[in-house]
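Before any comments, here is the structure.
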Amino acid sequence: MIYLDHSATTAVDQRVVDAMSPYWTQMYGNPSSIYGLGRRAAAALEDARCRVARVLNCQPAEIVFTGCGTESDNLALRGAVLGAAPQGRRHIIITAIEHHAVLHTARELAEHFDCDVTILPVDRQGLVDPAAIAGALRPDTALVSVMYANNEVGTIQPIAEIGAIVRQQGALFHTDAVQAGGHLGLDVQALNVDLLALSAHKFHGPKGVGMLYVRRGARLLPTQTGGSQERGRRSGTENVPYIVGLAHALELAQADRGAESARLLALRERLWAGLAARIPDIELTGHPTRRLAGHLSLIVRGAEAQSLLIALDLAGVAASSGSACASGAPTPSHVLTAMGYDPMDALGALRLTLGRENTEADVDFVIERLPKIVERIRGNQ
Ligand code: PLP
């Protein structure tokens, strides 16, 4: 199988599995326990926190481990809005292309917590205009949330520039960096962010563990209360093996980020050039240069994504589309429609995301197979 869906998830690195392994059956103590077994688990937890903080250029106390990227986004949005409510700040700003972890949370805050949500548009390439953020900020804005890199089209937003604008007004600035985690710089000082969400399974760590950077002094109301773990910001016994795995995977991914990005970029360019030369009427979606190195997203006009994905699967290629398929009825992606694409065209969205184990031979196989698949599907429709 050729795996071209690294934006969906990644294989856990064997070195990460090895780093996690002592914490299942040997050092299984509860980090809150007083005796040696517990203290050893607590030491592993704090070591992981320090290692993550080093990558993010922040204090260990500013790292909150969570159960996934979705939970981190929820904590950022709900926590900030509920935390700012006593000061009368009930306005938040997001973009139209955010992941549902942000979009649906914002919608819920509007419906049930009297929160006023401004949803900013993006251009045809998926970029938000920092001037539009400046124009939308209000004295009662509690939070601005703009994703670092988009999961469907790979476009990278000017986070540092937006952060500088938001800071002047005194609102908190959150970025969903889930897709960026293994590929882009995560220095929270350089990025001018107050909150930043990551998820381990996007960078060869385990599924079901994430983290939220929370700048010191940021007022967040916890969304999960109980035993006051994670300095009261996320109660619940910490998942030590997974947290160790997250820290290890993050360090590994960030250590060879430069070389790996250059390799992935060359593969992506080869793939796009090969497909563009052989398939008529296809279009690259997202920004041509401000995009994740291994991320290729396209629209194949006149061919439904679901049919393409099934045919690719039969040919041994795992890929995905931008559109979710609920109860058998494909719906166009909210990201592509927000970028101005016709909903019918958006149904032909294909996402091929390259990663660590992909080679030139994989790319050449897809360049050889996909044009034939498209021709056949277009002929049948
Ligand atoms: N945000 C973005 C941009 C994502 O791509 C994803 C997952 O695809 C998430 C959030 C959710 O992360 P998790 O799967 O860890 O809940």
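Each chain in the structure tokens gets a letter, A, B and so on, in the order shown; residues start at 1 in every chain, and ligands are counted from 1 in the order they appear.
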
From segment 109-162 of chain A, collect each residue whose DSSP state is strand (DSSP E or B) and return the set as an mmCIF file with N, CA, C and O atoms, in the first residue's frame.
data_model
loop_
_atom_site.group_PDB
_atom_site.id
_atom_site.type_symbol
_atom_site.label_atom_id
_atom_site.label_comp_id
_atom_site.auth_asym_id
_atom_site.auth_seq_id
_atom_site.Cartn_x
_atom_site.Cartn_y
_atom_site.Cartn_z
ATOM 1 N N ASP A 116 -20.777 36.122 20.736
ATOM 2 C CA ASP A 116 -20.930 36.728 19.420
ATOM 3 C C ASP A 116 -19.735 36.293 18.560
ATOM 4 O O ASP A 116 -18.588 36.590 18.911
ATOM 5 N N VAL A 117 -20.003 35.595 17.466
ATOM 6 C CA VAL A 117 -18.902 35.039 16.669
ATOM 7 C C VAL A 117 -18.805 35.751 15.319
ATOM 8 O O VAL A 117 -19.790 35.831 14.589
ATOM 9 N N THR A 118 -17.624 36.266 15.007
ATOM 10 C CA THR A 118 -17.365 36.798 13.666
ATOM 11 C C THR A 118 -16.564 35.755 12.901
ATOM 12 O O THR A 118 -15.509 35.311 13.371
ATOM 13 N N ILE A 119 -17.090 35.363 11.735
ATOM 14 C CA ILE A 119 -16.380 34.375 10.902
ATOM 15 C C ILE A 119 -15.812 35.107 9.688
ATOM 16 O O ILE A 119 -16.562 35.590 8.832
ATOM 17 N N LEU A 120 -14.498 35.199 9.635
ATOM 18 C CA LEU A 120 -13.864 35.971 8.569
ATOM 19 C C LEU A 120 -13.677 35.123 7.305
ATOM 20 O O LEU A 120 -13.357 33.935 7.388
ATOM 21 N N THR A 141 -13.719 41.859 22.349
ATOM 22 C CA THR A 141 -13.221 40.603 21.768
ATOM 23 C C THR A 141 -12.401 39.844 22.819
ATOM 24 O O THR A 141 -11.431 40.378 23.360
ATOM 25 N N ALA A 142 -12.811 38.610 23.068
ATOM 26 C CA ALA A 142 -12.106 37.776 24.053
ATOM 27 C C ALA A 142 -11.001 36.973 23.388
ATOM 28 O O ALA A 142 -9.938 36.763 23.975
ATOM 29 N N LEU A 143 -11.250 36.502 22.180
ATOM 30 C CA LEU A 143 -10.340 35.534 21.548
ATOM 31 C C LEU A 143 -10.396 35.642 20.026
ATOM 32 O O LEU A 143 -11.466 35.854 19.447
ATOM 33 N N VAL A 144 -9.226 35.478 19.428
ATOM 34 C CA VAL A 144 -9.136 35.318 17.974
ATOM 35 C C VAL A 144 -8.514 33.951 17.745
ATOM 36 O O VAL A 144 -7.526 33.595 18.398
ATOM 37 N N SER A 145 -9.100 33.159 16.843
ATOM 38 C CA SER A 145 -8.566 31.821 16.564
ATOM 39 C C SER A 145 -8.367 31.670 15.060
ATOM 40 O O SER A 145 -9.326 31.736 14.289
ATOM 41 N N ALA A 149 -1.954 25.969 9.781
ATOM 42 C CA ALA A 149 -1.964 25.392 8.433
ATOM 43 C C ALA A 149 -3.263 24.614 8.269
ATOM 44 O O ALA A 149 -3.685 23.914 9.183
ATOM 45 N N THR A 155 -2.745 25.449 3.182
ATOM 46 C CA THR A 155 -2.343 26.870 3.225
ATOM 47 C C THR A 155 -1.874 27.278 4.622
ATOM 48 O O THR A 155 -2.514 26.947 5.621
ATOM 49 N N ILE A 156 -0.752 28.004 4.659
ATOM 50 C CA ILE A 156 -0.158 28.451 5.926
ATOM 51 C C ILE A 156 -0.490 29.926 6.146
ATOM 52 O O ILE A 156 -0.219 30.773 5.284
#

Counting only C-alpha atoms, what is within 8 Å of Ala247 of chain A, bar same-chain residues fewer than 5 positions away, as a VMD selection string? chain A and resid 48 to 49 51 to 52

If you run DSSP over the backbone, which residues in segment 7-197 of chain A end up alpha helix (DSSP H)? Put them as a PyMOL selection string. chain A and resi 14-20+22-25+36-56+69-84+100-113+130-136+159-169+188-191

Within 10 Å of segment 285-299 of chain A, counting only C-alpha atoms, which residues show up once you throw out same-chain ones fewer than 4 positions away? Write them as a VMD selection string, please. chain A and resid 4 to 7 123 to 127 149 to 158 179 to 180 183 to 184 260 to 269 271 to 272 276 281 303 to 305 320 to 322 335 to 336 339 341 345 to 356 358

Find the residue from A:Arg78, A:His104, A:Arg278, A:His99 that sits nearest to ligand 1; use only C-alpha atoms and all ligand atoms when measuring. A:His99

At most 8 Å from ligand 1 (only C-alpha atoms and all ligand atoms): residue list as a PyMOL selection string: chain A and resi 7-9+67-71+73+98-102+147+149-152+176-179+197-202+207-210

Please list as a PyMOL selection string every residue within 9 Å of Gly185 of chain A, counting only C-alpha atoms and excluding residues in the same chain fewer than 6 positions away. chain A and resi 55-56+191+254+257

Next, the residues of the selection above should be written as a PDB file, in the first residue's frame with N, CA and C atoms.
ATOM      1  N   VAL A  55      10.855  22.854  22.733  1.00  0.00           N
ATOM      2  CA  VAL A  55      10.506  22.990  21.312  1.00  0.00           C
ATOM      3  C   VAL A  55       9.681  24.255  21.086  1.00  0.00           C
ATOM      4  N   LEU A  56       8.779  24.541  22.005  1.00  0.00           N
ATOM      5  CA  LEU A  56       7.883  25.691  21.824  1.00  0.00           C
ATOM      6  C   LEU A  56       8.486  27.006  22.336  1.00  0.00           C
ATOM      7  N   LEU A 191       5.815  33.419  17.153  1.00  0.00           N
ATOM      8  CA  LEU A 191       4.487  33.357  16.527  1.00  0.00           C
ATOM      9  C   LEU A 191       3.491  34.342  17.148  1.00  0.00           C
ATOM     10  N   GLN A 254      10.650  17.616  14.873  1.00  0.00           N
ATOM     11  CA  GLN A 254      11.210  18.962  14.757  1.00  0.00           C
ATOM     12  C   GLN A 254      12.708  18.914  14.456  1.00  0.00           C
ATOM     13  N   ARG A 257      13.109  18.494  10.679  1.00  0.00           N
ATOM     14  CA  ARG A 257      12.076  19.233   9.939  1.00  0.00           C
ATOM     15  C   ARG A 257      12.621  19.867   8.655  1.00  0.00           C
TER      16      ARG A 257
END

Nearby residues (only C-alpha atoms) at most 12 Å from Leu314 of chain A, same-chain spacing under 4 positions excluded, as JSON, numbers by chain: {"A": [1, 2, 307, 308, 309, 310, 318, 319, 369, 370, 373]}

Residues from the last selection, N, CA, C and O atoms, saved as a PDB file, in the first residue's frame:
ATOM      1  N   MET A   1       0.830  -1.203   0.000  1.00  0.00           N
ATOM      2  CA  MET A   1       0.000   0.000   0.000  1.00  0.00           C
ATOM      3  C   MET A   1       0.870   1.260   0.000  1.00  0.00           C
ATOM      4  O   MET A   1       1.889   1.315   0.675  1.00  0.00           O
ATOM      5  N   ILE A   2       0.440   2.246  -0.775  1.00  0.00           N
ATOM      6  CA  ILE A   2       1.138   3.544  -0.744  1.00  0.00           C
ATOM      7  C   ILE A   2       0.267   4.490   0.082  1.00  0.00           C
ATOM      8  O   ILE A   2      -0.879   4.772  -0.292  1.00  0.00           O
ATOM      9  N   SER A 307     -15.543   8.260  -5.874  1.00  0.00           N
ATOM     10  CA  SER A 307     -15.183   7.251  -6.884  1.00  0.00           C
ATOM     11  C   SER A 307     -13.681   7.203  -7.063  1.00  0.00           C
ATOM     12  O   SER A 307     -13.086   6.118  -7.198  1.00  0.00           O
ATOM     13  N   LEU A 308     -13.041   8.362  -7.054  1.00  0.00           N
ATOM     14  CA  LEU A 308     -11.579   8.401  -7.193  1.00  0.00           C
ATOM     15  C   LEU A 308     -10.908   7.664  -6.036  1.00  0.00           C
ATOM     16  O   LEU A 308      -9.969   6.887  -6.236  1.00  0.00           O
ATOM     17  N   LEU A 309     -11.418   7.900  -4.827  1.00  0.00           N
ATOM     18  CA  LEU A 309     -10.792   7.302  -3.642  1.00  0.00           C
ATOM     19  C   LEU A 309     -10.937   5.785  -3.641  1.00  0.00           C
ATOM     20  O   LEU A 309     -10.009   5.065  -3.270  1.00  0.00           O
ATOM     21  N   ILE A 310     -12.108   5.316  -4.079  1.00  0.00           N
ATOM     22  CA  ILE A 310     -12.323   3.858  -4.122  1.00  0.00           C
ATOM     23  C   ILE A 310     -11.396   3.233  -5.167  1.00  0.00           C
ATOM     24  O   ILE A 310     -10.744   2.212  -4.908  1.00  0.00           O
ATOM     25  N   ALA A 318      -3.749   4.875  -0.582  1.00  0.00           N
ATOM     26  CA  ALA A 318      -4.654   5.445   0.423  1.00  0.00           C
ATOM     27  C   ALA A 318      -4.584   6.969   0.332  1.00  0.00           C
ATOM     28  O   ALA A 318      -3.532   7.564   0.547  1.00  0.00           O
ATOM     29  N   ALA A 319      -5.715   7.582  -0.020  1.00  0.00           N
ATOM     30  CA  ALA A 319      -5.780   9.055  -0.143  1.00  0.00           C
ATOM     31  C   ALA A 319      -7.092   9.516   0.451  1.00  0.00           C
ATOM     32  O   ALA A 319      -7.879   8.714   0.962  1.00  0.00           O
ATOM     33  N   ARG A 369      -0.834   5.817 -12.492  1.00  0.00           N
ATOM     34  CA  ARG A 369      -2.170   5.233 -12.315  1.00  0.00           C
ATOM     35  C   ARG A 369      -3.319   6.239 -12.326  1.00  0.00           C
ATOM     36  O   ARG A 369      -4.376   5.984 -12.899  1.00  0.00           O
ATOM     37  N   LEU A 370      -3.129   7.346 -11.639  1.00  0.00           N
ATOM     38  CA  LEU A 370      -4.265   8.260 -11.444  1.00  0.00           C
ATOM     39  C   LEU A 370      -4.858   8.783 -12.769  1.00  0.00           C
ATOM     40  O   LEU A 370      -6.087   8.826 -12.902  1.00  0.00           O
ATOM     41  N   ILE A 373      -7.276   6.287 -14.029  1.00  0.00           N
ATOM     42  CA  ILE A 373      -8.465   6.202 -13.162  1.00  0.00           C
ATOM     43  C   ILE A 373      -9.409   7.364 -13.460  1.00  0.00           C
ATOM     44  O   ILE A 373     -10.621   7.184 -13.616  1.00  0.00           O
TER      45      ILE A 373
END

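Using only C-alpha atoms, the shortest contact distance between Gln229 of chain A and any of A:Pro31, A:Gly182, A:Gly170, A:Gly38 is found at A:Pro31.
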